[in-house]
>>> print(open('run_28.cif').read())   # mmCIF, C-alpha atoms
data_protein
loop_
_atom_site.group_PDB
_atom_site.id
_atom_site.type_symbol
_atom_site.label_atom_id
_atom_site.label_comp_id
_atom_site.auth_asym_id
_atom_site.auth_seq_id
_atom_site.Cartn_x
_atom_site.Cartn_y
_atom_site.Cartn_z
ATOM 1 C CA VAL A 1 0.000 0.000 0.000
ATOM 2 C CA GLN A 2 1.332 3.389 -0.991
ATOM 3 C CA GLU A 3 1.496 5.940 1.803
ATOM 4 C CA ALA A 4 1.622 9.675 1.292
ATOM 5 C CA THR A 5 1.394 12.749 3.461
ATOM 6 C CA SER A 6 -1.408 14.937 2.189
ATOM 7 C CA ILE A 7 -2.123 18.583 2.748
ATOM 8 C CA TYR A 8 -5.481 19.737 1.462
ATOM 9 C CA GLY A 9 -7.986 22.561 1.619
ATOM 10 C CA VAL A 10 -11.757 22.367 1.216
ATOM 11 C CA VAL A 11 -14.479 24.966 0.652
ATOM 12 C CA THR A 12 -18.194 24.185 0.947
ATOM 13 C CA TYR A 13 -21.089 26.382 -0.112
ATOM 14 C CA THR A 14 -24.685 25.539 0.840
ATOM 15 C CA VAL A 15 -27.785 26.879 -0.908
ATOM 16 C CA GLY A 16 -31.216 26.333 0.596
ATOM 17 C CA PRO A 17 -33.741 25.616 1.710
ATOM 18 C CA GLY A 18 -35.456 25.888 -1.624
ATOM 19 C CA ARG A 19 -38.648 27.808 -2.167
ATOM 20 C CA GLY A 20 -41.893 26.021 -2.764
ATOM 21 C CA ASP A 21 -43.541 22.984 -1.237
ATOM 22 C CA ILE A 22 -40.406 20.816 -0.878
ATOM 23 C CA PRO A 23 -37.559 22.079 1.346
ATOM 24 C CA ALA A 24 -34.290 21.372 -0.495
ATOM 25 C CA TRP A 25 -30.608 22.139 -0.060
ATOM 26 C CA VAL A 26 -27.654 21.937 -2.429
ATOM 27 C CA MET A 27 -24.111 21.655 -1.052
ATOM 28 C CA ILE A 28 -21.175 22.288 -3.372
ATOM 29 C CA THR A 29 -17.739 21.287 -2.114
ATOM 30 C CA GLY A 30 -14.402 21.744 -3.821
ATOM 31 C CA GLY A 31 -10.832 21.310 -2.777
ATOM 32 C CA TRP A 32 -7.215 20.890 -3.714
ATOM 33 C CA GLY A 33 -4.765 18.496 -2.135
ATOM 34 C CA SER A 34 -1.226 17.176 -2.361
ATOM 35 C CA GLY A 35 0.105 13.708 -1.503
ATOM 36 C CA LEU A 36 -2.787 11.298 -2.010
ATOM 37 C CA PHE A 37 -4.373 13.714 -4.508
ATOM 38 C CA ALA A 38 -1.156 14.307 -6.507
ATOM 39 C CA LYS A 39 -0.955 13.565 -10.194
ATOM 40 C CA LYS A 40 2.209 12.651 -12.098
ATOM 41 C CA ASN A 41 3.456 15.610 -14.083
ATOM 42 C CA ASP A 42 6.145 14.926 -16.722
ATOM 43 C CA ALA A 43 6.936 18.651 -16.908
ATOM 44 C CA LEU A 44 8.192 18.399 -13.307
ATOM 45 C CA ASP A 45 10.431 15.347 -13.898
ATOM 46 C CA GLY A 46 7.615 12.982 -12.952
ATOM 47 C CA GLU A 47 7.050 14.588 -9.566
ATOM 48 C CA GLY A 48 3.477 14.712 -8.327
ATOM 49 C CA THR A 49 1.559 17.936 -8.249
ATOM 50 C CA GLY A 50 -1.673 18.668 -6.447
ATOM 51 C CA GLY A 51 -5.059 17.493 -7.584
ATOM 52 C CA LEU A 52 -8.630 18.742 -7.430
ATOM 53 C CA PHE A 53 -11.590 17.005 -5.811
ATOM 54 C CA GLY A 54 -15.181 17.942 -5.085
ATOM 55 C CA SER A 55 -18.800 16.957 -4.645
ATOM 56 C CA ILE A 56 -22.357 18.111 -5.188
ATOM 57 C CA THR A 57 -24.965 16.958 -2.688
ATOM 58 C CA PHE A 58 -28.706 17.463 -3.076
ATOM 59 C CA ASP A 59 -30.905 17.026 0.039
ATOM 60 C CA PHE A 60 -34.634 17.313 0.183
ATOM 61 C CA GLN A 61 -37.436 16.582 2.625
ATOM 62 C CA ALA A 62 -40.041 14.401 0.946
ATOM 63 C CA ALA A 63 -42.391 14.262 3.997
ATOM 64 C CA ASP A 64 -42.366 15.058 7.731
ATOM 65 C CA ASN A 65 -40.199 12.015 8.577
ATOM 66 C CA ALA A 66 -38.670 11.303 5.149
ATOM 67 C CA TYR A 67 -35.485 12.768 3.726
ATOM 68 C CA LEU A 68 -33.451 11.929 0.626
ATOM 69 C CA ARG A 69 -29.795 12.762 -0.168
ATOM 70 C CA VAL A 70 -28.181 12.323 -3.587
ATOM 71 C CA ILE A 71 -24.389 12.619 -3.679
ATOM 72 C CA THR A 72 -21.960 12.887 -6.591
ATOM 73 C CA GLU A 73 -18.243 13.064 -5.869
ATOM 74 C CA TRP A 74 -14.983 13.348 -7.766
ATOM 75 C CA ASP A 75 -12.299 12.134 -5.340
ATOM 76 C CA GLY A 76 -9.400 13.126 -7.568
ATOM 77 C CA TRP A 77 -9.325 9.747 -9.301
ATOM 78 C CA ASP A 78 -12.867 8.448 -9.765
ATOM 79 C CA LEU A 79 -16.483 9.545 -10.035
ATOM 80 C CA ASN A 80 -18.648 8.154 -7.215
ATOM 81 C CA VAL A 81 -22.393 8.461 -6.553
ATOM 82 C CA GLY A 82 -24.579 7.659 -3.587
ATOM 83 C CA LEU A 83 -28.128 7.811 -2.337
ATOM 84 C CA THR A 84 -29.258 7.939 1.286
ATOM 85 C CA ALA A 85 -32.865 7.812 2.456
ATOM 86 C CA TRP A 86 -34.159 8.364 5.986
ATOM 87 C CA LEU A 87 -37.700 7.249 6.778
ATOM 88 C CA ALA A 88 -39.120 7.384 10.321
ATOM 89 C CA GLY A 89 -35.707 6.851 11.938
ATOM 90 C CA LEU A 90 -34.492 4.158 9.518
ATOM 91 C CA GLU A 91 -31.581 4.833 7.162
ATOM 92 C CA LEU A 92 -30.814 3.162 3.833
ATOM 93 C CA THR A 93 -27.612 3.996 1.953
ATOM 94 C CA VAL A 94 -26.625 2.807 -1.521
ATOM 95 C CA GLY A 95 -23.424 3.842 -3.269
ATOM 96 C CA VAL A 96 -21.547 3.138 -6.455
ATOM 97 C CA LEU A 97 -17.798 3.763 -6.379
ATOM 98 C CA SER A 98 -15.453 4.203 -9.321
ATOM 99 C CA LEU A 99 -17.955 4.706 -12.121
ATOM 100 C CA ASP A 100 -15.057 5.177 -14.490
ATOM 101 C CA GLU A 101 -11.815 3.216 -14.780
ATOM 102 C CA GLY A 102 -10.004 5.503 -12.374
ATOM 103 C CA GLY A 103 -6.588 7.026 -12.698
ATOM 104 C CA SER A 104 -4.814 5.946 -9.537
ATOM 105 C CA LYS A 105 -1.967 3.484 -9.909
ATOM 106 C CA ASP A 106 -2.481 2.374 -6.288
ATOM 107 C CA PRO A 107 -4.750 -0.738 -6.312
ATOM 108 C CA TRP A 108 -6.144 0.114 -2.857
ATOM 109 C CA ILE A 109 -7.364 3.498 -4.067
ATOM 110 C CA ARG A 110 -8.843 1.915 -7.218
ATOM 111 C CA GLY A 111 -10.613 -0.752 -5.132
ATOM 112 C CA VAL A 112 -8.680 -3.626 -6.714
ATOM 113 C CA HIS A 113 -7.029 -5.330 -3.753
ATOM 114 C CA PRO A 114 -4.149 -7.647 -4.631
ATOM 115 C CA ILE A 115 -4.093 -11.082 -3.031
ATOM 116 C CA PRO A 116 -0.975 -11.400 -0.830
ATOM 117 C CA THR A 117 1.452 -14.096 -1.951
#
>>> encode(input="run_28.cif", output="structure tokens")
Amino acid sequence: VQEATSIYGVVTYTVGPGRGDIPAWVMITGGWGSGLFAKKNDALDGEGTGGLFGSITFDFQAADNAYLRVITEWDGWDLNVGLTAWLAGLELTVGVLSLDEGGSKDPWIRGVHPIPT
């Protein structure tokens, strides 16, 4: 497993609740990081430079005790999506990671775990 020290910064902006019958919020998050988020840059003799990451989250209240959250995220390597629903105190979460092939060379980041020999 590759280890790296990472320094990163994150900014989040929230809009909401929405107007109309359904209260809704949108959260936009963006950031830049080094280490784990670094990309190989041939112009810098192959040294890693920082990388961008971010997410957009949409929350809305469907009823008095029912909420839904839709999440999309770019983690610097892959596009991920998720859905969380809360209904009367119960929570259901479904997520799909690495919708694309991914760019990380580290198999642990890509989700392909090698079998130890």
>>> residues_near_point(input="run_28.cif", point="(-3.7, 18.2, 2.9)", cutoff="8 Å", atoms="only C-alpha atoms", output="list in words")
Thr5, Ser6, Ile7, Tyr8, Gly9, Trp32, Gly33, Ser34 and Gly35 of chain A
>>> closest_residue(input="run_28.cif", among="A:Ile56, A:Val26, A:Val94, A:Val10", to="A:Glu73", atoms="only C-alpha atoms")
A:Ile56
>>> atom_distance(input="run_28.cif", atom1="atom CA of A:Asp78", atom2="atom CA of A:Gly51")
12.1 Å
>>> resolve_selection(input="run_28.cif", expression="the PyMOL selection byres ((chain A and resi 69) around 6)", output="JSON list (two decimals) with C-alpha atoms, in the coordinates of the input")
[["chain", "number", "residue", "atom", "x", "y", "z"],
["A", 58, "PHE", "CA", -28.71, 17.46, -3.08],
["A", 59, "ASP", "CA", -30.90, 17.03, 0.04],
["A", 68, "LEU", "CA", -33.45, 11.93, 0.63],
["A", 70, "VAL", "CA", -28.18, 12.32, -3.59],
["A", 83, "LEU", "CA", -28.13, 7.81, -2.34],
["A", 84, "THR", "CA", -29.26, 7.94, 1.29]]
>>> atom_distance(input="run_28.cif", atom1="atom CA of A:Ile28", atom2="atom CA of A:Gly50")
20.1 Å
>>> resolve_selection(input="run_28.cif", expression="the PyMOL selection byres ((chain A and resi 87) around 7)", output="MDAnalysis selection string")
chainID A and resid 65:67 85:86 88:91
>>> atom_distance(input="run_28.cif", atom1="atom CA of A:Thr57", atom2="atom CA of A:Thr72")
6.4 Å
>>> resolve_selection(input="run_28.cif", expression="the PyMOL selection byres ((chain A and resi 97) around 7)", output="count of residues only")
7
>>> closest_residue(input="run_28.cif", among="A:Phe60, A:Trp74, A:Phe53, A:Tyr13", to="A:Trp25", atoms="all atoms listed in the file")
A:Phe60
>>> closest_residue(input="run_28.cif", among="A:Leu92, A:Val11, A:Ala62, A:Leu52", to="A:Pro23", atoms="only C-alpha atoms")
A:Ala62
